[in-house]
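Just below is one structure, and these are the notes that go with it.
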Amino acid sequence: MVTPGALLKASFDASKEFFRAPVDAPAQGRQVKPHVRSLVVPIRSIGPSHGERIAAHLLALAPQDRYLRFGYAANDEQIQRYVDGLNFERDEIFGIYNRKLELIAMAHLAYSTDPQLRSCAEFGVSVLAQARGRGYGARLFDRAVIHARNDGVDMMFIHALSENTVMLNIARKAGATIERDGSESEAYLLLPPADLDSRMSEMVDEQIAQTDYRFKVQAKQFWSLLAMVQEVRRGVRDGRDRMPM
């Protein structure tokens with residue numbers, strides 16, 4: 001049983017280790033394998049109330065990054081349409097926030113709308129330039145795999161440009177089969193059925209992420225209040241200094 005104390009410690013440890021690069025375990029075979037994580041990266045399932053943060057994250061991507069994420073040079077209007085069209089009831093969106101509550105990495109697990117392919121889902125991910133090199137894309141992939149397994153998905157797809165080597169390497173390390181067709185590649189990964197470990201892992205991961213997010217919200221509120229108090233104090237002090245003797 002996961003105790004509140006264990007969750008608190010895990011969230012605290014995650015905050016301390018938030019910017020240390022993770023170490024990925026080597027992959028073998030074609031079916032998804034257990035992933036050994038050296039530390040906890042709080043990854044939160046996010047809903048429609050975070051639409052503005054999702055839009056801000058995607059709009060902050062450089063033109064080349066937008067091209068790799070969407071497969072075309074998406075402009076601001078196209079990105080906003082994508083955000084407005086997100087189906088939070090059907091799909092799952094995961095995010096990693098920094099201490100300023102900025103969405104620095106996010107993933108979209110999109111479920112098939114074809115009734116005959118309900119057990120299939122597609123994965124897409126984006127990471128801001130300043131947050132790269134820390135394995136966040138791989139961590140988001142792991143999180144999506146666990147959720148997909150628990151939701152009855154047995155095959156995950158990744159459609160990417162062949163030049164998107166980072167995304168394809170994440171899929172390859174997980175054991176995905178990759179088929180290349182000119183400038184585009186298709187990766188698919190067979191997922192094992194859900195088990196007790198996968199269900200407990202997702203529950204603990206989500207609780208840690210929620211706790212971590214609440215800590216970040218409280219910290220931001222505290223520093224904002226402190227900054228306001230300091231500003232008032234400076235104003236009072238400056239006014240007193242300007243008073244005639």
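Ordering of the structure tokens sets the chain letters (A, B, ...), residue numbers begin anew at 1 in every chain, and ligands are numbered from 1 in the order given.
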Taking a cut-off of 10 Å and counting only C-alpha atoms, can you build a table that, for each residue of region 107-209 of chain A near region 60-73 of chain A, reports the nearest atom pair and how far apart they are in Å (one decimal), sorted by chain then residue number, as CSV?
```
residue,atom,partner,partner_atom,distance
A:Gly124,CA,A:Arg69,CA,7.2
A:Val125,CA,A:Arg69,CA,6.9
A:Ser126,CA,A:Arg69,CA,6.4
A:Val127,CA,A:Leu61,CA,8.2
A:Leu128,CA,A:Leu61,CA,6.4
A:Ala129,CA,A:Leu61,CA,7.6
A:His159,CA,A:Gly71,CA,8.7
A:Ala160,CA,A:Gly71,CA,6.8
A:Leu161,CA,A:Gly71,CA,6.3
A:Ser162,CA,A:Leu68,CA,9.3
A:Glu163,CA,A:Leu68,CA,8.0
A:Asn164,CA,A:Leu68,CA,6.1
A:Thr165,CA,A:Leu68,CA,9.7
A:Val166,CA,A:Leu68,CA,10.0
A:Met167,CA,A:Leu68,CA,9.2
A:Ser183,CA,A:Gly71,CA,10.0
A:Glu184,CA,A:Gly71,CA,8.7
```
Check your understanding: Can you list, as an MDAnalysis selection string, every protein, DNA or RNA residue that comes within 6 Å of region 79-93 of chain A when you count only C-alpha atoms, leaving out same-chain residues fewer than 6 positions away?
Key -> chainID A and resid 45:46 107:111
Save out the residues we just selected, C-alpha atoms, as a JSON list (two decimals), in the first residue's frame.
```json
[["chain", "number", "residue", "atom", "x", "y", "z"],
["A", 45, "SER", "CA", -2.47, 13.90, -16.85],
["A", 46, "ILE", "CA", -3.94, 17.23, -17.93],
["A", 107, "ALA", "CA", 2.52, 14.08, -25.05],
["A", 108, "HIS", "CA", -0.72, 13.27, -26.84],
["A", 109, "LEU", "CA", -2.03, 9.70, -26.74],
["A", 110, "ALA", "CA", -4.72, 9.65, -29.41],
["A", 111, "TYR", "CA", -7.11, 6.72, -29.54]]
```
Exercise for review: Quick one: everything within 10 Å of Lys100 (chain A), counting only C-alpha atoms, minus sequence neighbours fewer than 4 positions away in the same chain. Send it as a PyMOL selection string.
Suggested key: chain A and resi 216-217+219-220
Check your understanding: Closest to Asp195 (chain A) among A:Met155, A:Gln218, A:Leu225, A:Arg149, using only C-alpha atoms?
Key ->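 For Asp195 (chain A), the nearest of the given residues is A:Arg149.
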Review point. Can you list every residue in region 37-143 of chain A that DSSP puts in strand (DSSP E), as a PyMOL selection string?
Key: chain A and resi 44-46+92-97+103-111+120-127
Using only C-alpha atoms, please write the residues we just selected to a file, as an mmCIF file, in the first residue's frame.
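Okay, result-v8.cif is ready:
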```cif
data_model
loop_
_atom_site.group_PDB
_atom_site.id
_atom_site.type_symbol
_atom_site.label_atom_id
_atom_site.label_comp_id
_atom_site.auth_asym_id
_atom_site.auth_seq_id
_atom_site.Cartn_x
_atom_site.Cartn_y
_atom_site.Cartn_z
ATOM 1 C CA ARG A 44 0.634 14.859 -14.922
ATOM 2 C CA SER A 45 -2.469 13.896 -16.845
ATOM 3 C CA ILE A 46 -3.936 17.233 -17.931
ATOM 4 C CA GLU A 92 -5.067 11.452 -22.975
ATOM 5 C CA ILE A 93 -2.694 14.412 -22.636
ATOM 6 C CA PHE A 94 0.356 14.216 -20.380
ATOM 7 C CA GLY A 95 2.575 17.093 -19.323
ATOM 8 C CA ILE A 96 5.738 17.977 -17.433
ATOM 9 C CA TYR A 97 5.760 21.353 -15.690
ATOM 10 C CA LEU A 103 4.466 23.238 -19.683
ATOM 11 C CA ILE A 104 7.939 22.276 -20.914
ATOM 12 C CA ALA A 105 7.066 18.859 -22.361
ATOM 13 C CA MET A 106 3.813 17.208 -23.379
ATOM 14 C CA ALA A 107 2.523 14.077 -25.049
ATOM 15 C CA HIS A 108 -0.724 13.265 -26.841
ATOM 16 C CA LEU A 109 -2.028 9.702 -26.736
ATOM 17 C CA ALA A 110 -4.723 9.650 -29.410
ATOM 18 C CA TYR A 111 -7.107 6.715 -29.540
ATOM 19 C CA CYS A 120 -4.851 1.011 -31.135
ATOM 20 C CA ALA A 121 -3.489 4.420 -30.174
ATOM 21 C CA GLU A 122 -1.041 6.935 -31.626
ATOM 22 C CA PHE A 123 1.654 8.750 -29.653
ATOM 23 C CA GLY A 124 3.023 12.246 -30.281
ATOM 24 C CA VAL A 125 5.404 14.292 -28.135
ATOM 25 C CA SER A 126 7.051 17.721 -27.968
ATOM 26 C CA VAL A 127 9.725 19.142 -25.663
#
```
Exercise for review: Find the spatial neighbours of Asp151 (chain A), counting only C-alpha atoms, within a cut-off of 10 Å - ignore same-chain residues fewer than 2 positions away - and output them as a ChimeraX atom specification.
Suggested key: /A:119,145-149,153-154,193-194,199
Practice item. Identify which of the residues A:Val41, A:Ile158, A:Ile208, A:Tyr188 lies closest to Leu140 (chain A), counting only C-alpha atoms when measuring atom-to-atom distances. Key: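 Residue with the minimum atom-to-atom distance to Leu140 (chain A): A:Val41.
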Review point. Taking the backbone alone, and naming residues the way the document does, which bits of region 93-187 of chain A are helix (DSSP H, G or I) by DSSP, as a PyMOL selection string?
Key: chain A and resi 115-117+129-131+136-150+165-173
Point to revise | Of the listed residues A:Arg139, A:His57, A:Arg172, A:His50, that which approaches Asp205 (chain A) most closely, counting only C-alpha atoms | key: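 Closest candidate: A:Arg139.
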Check your understanding: Pick from A:Leu101, A:Val40, A:Ala138, A:Ala144: nearest to Ser198 (chain A), with only C-alpha atoms counted?
Key ->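 Of A:Leu101, A:Val40, A:Ala138, A:Ala144, the one nearest Ser198 (chain A), counting only C-alpha atoms, is A:Ala144.
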Check your understanding: With distances taken over only C-alpha atoms, which of A:Ser201, A:Glu179, A:Met156, A:Ile170 is nearest to Leu117 (chain A)?
Key ->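 The answer is A:Met156, which sits nearest to Leu117 (chain A).
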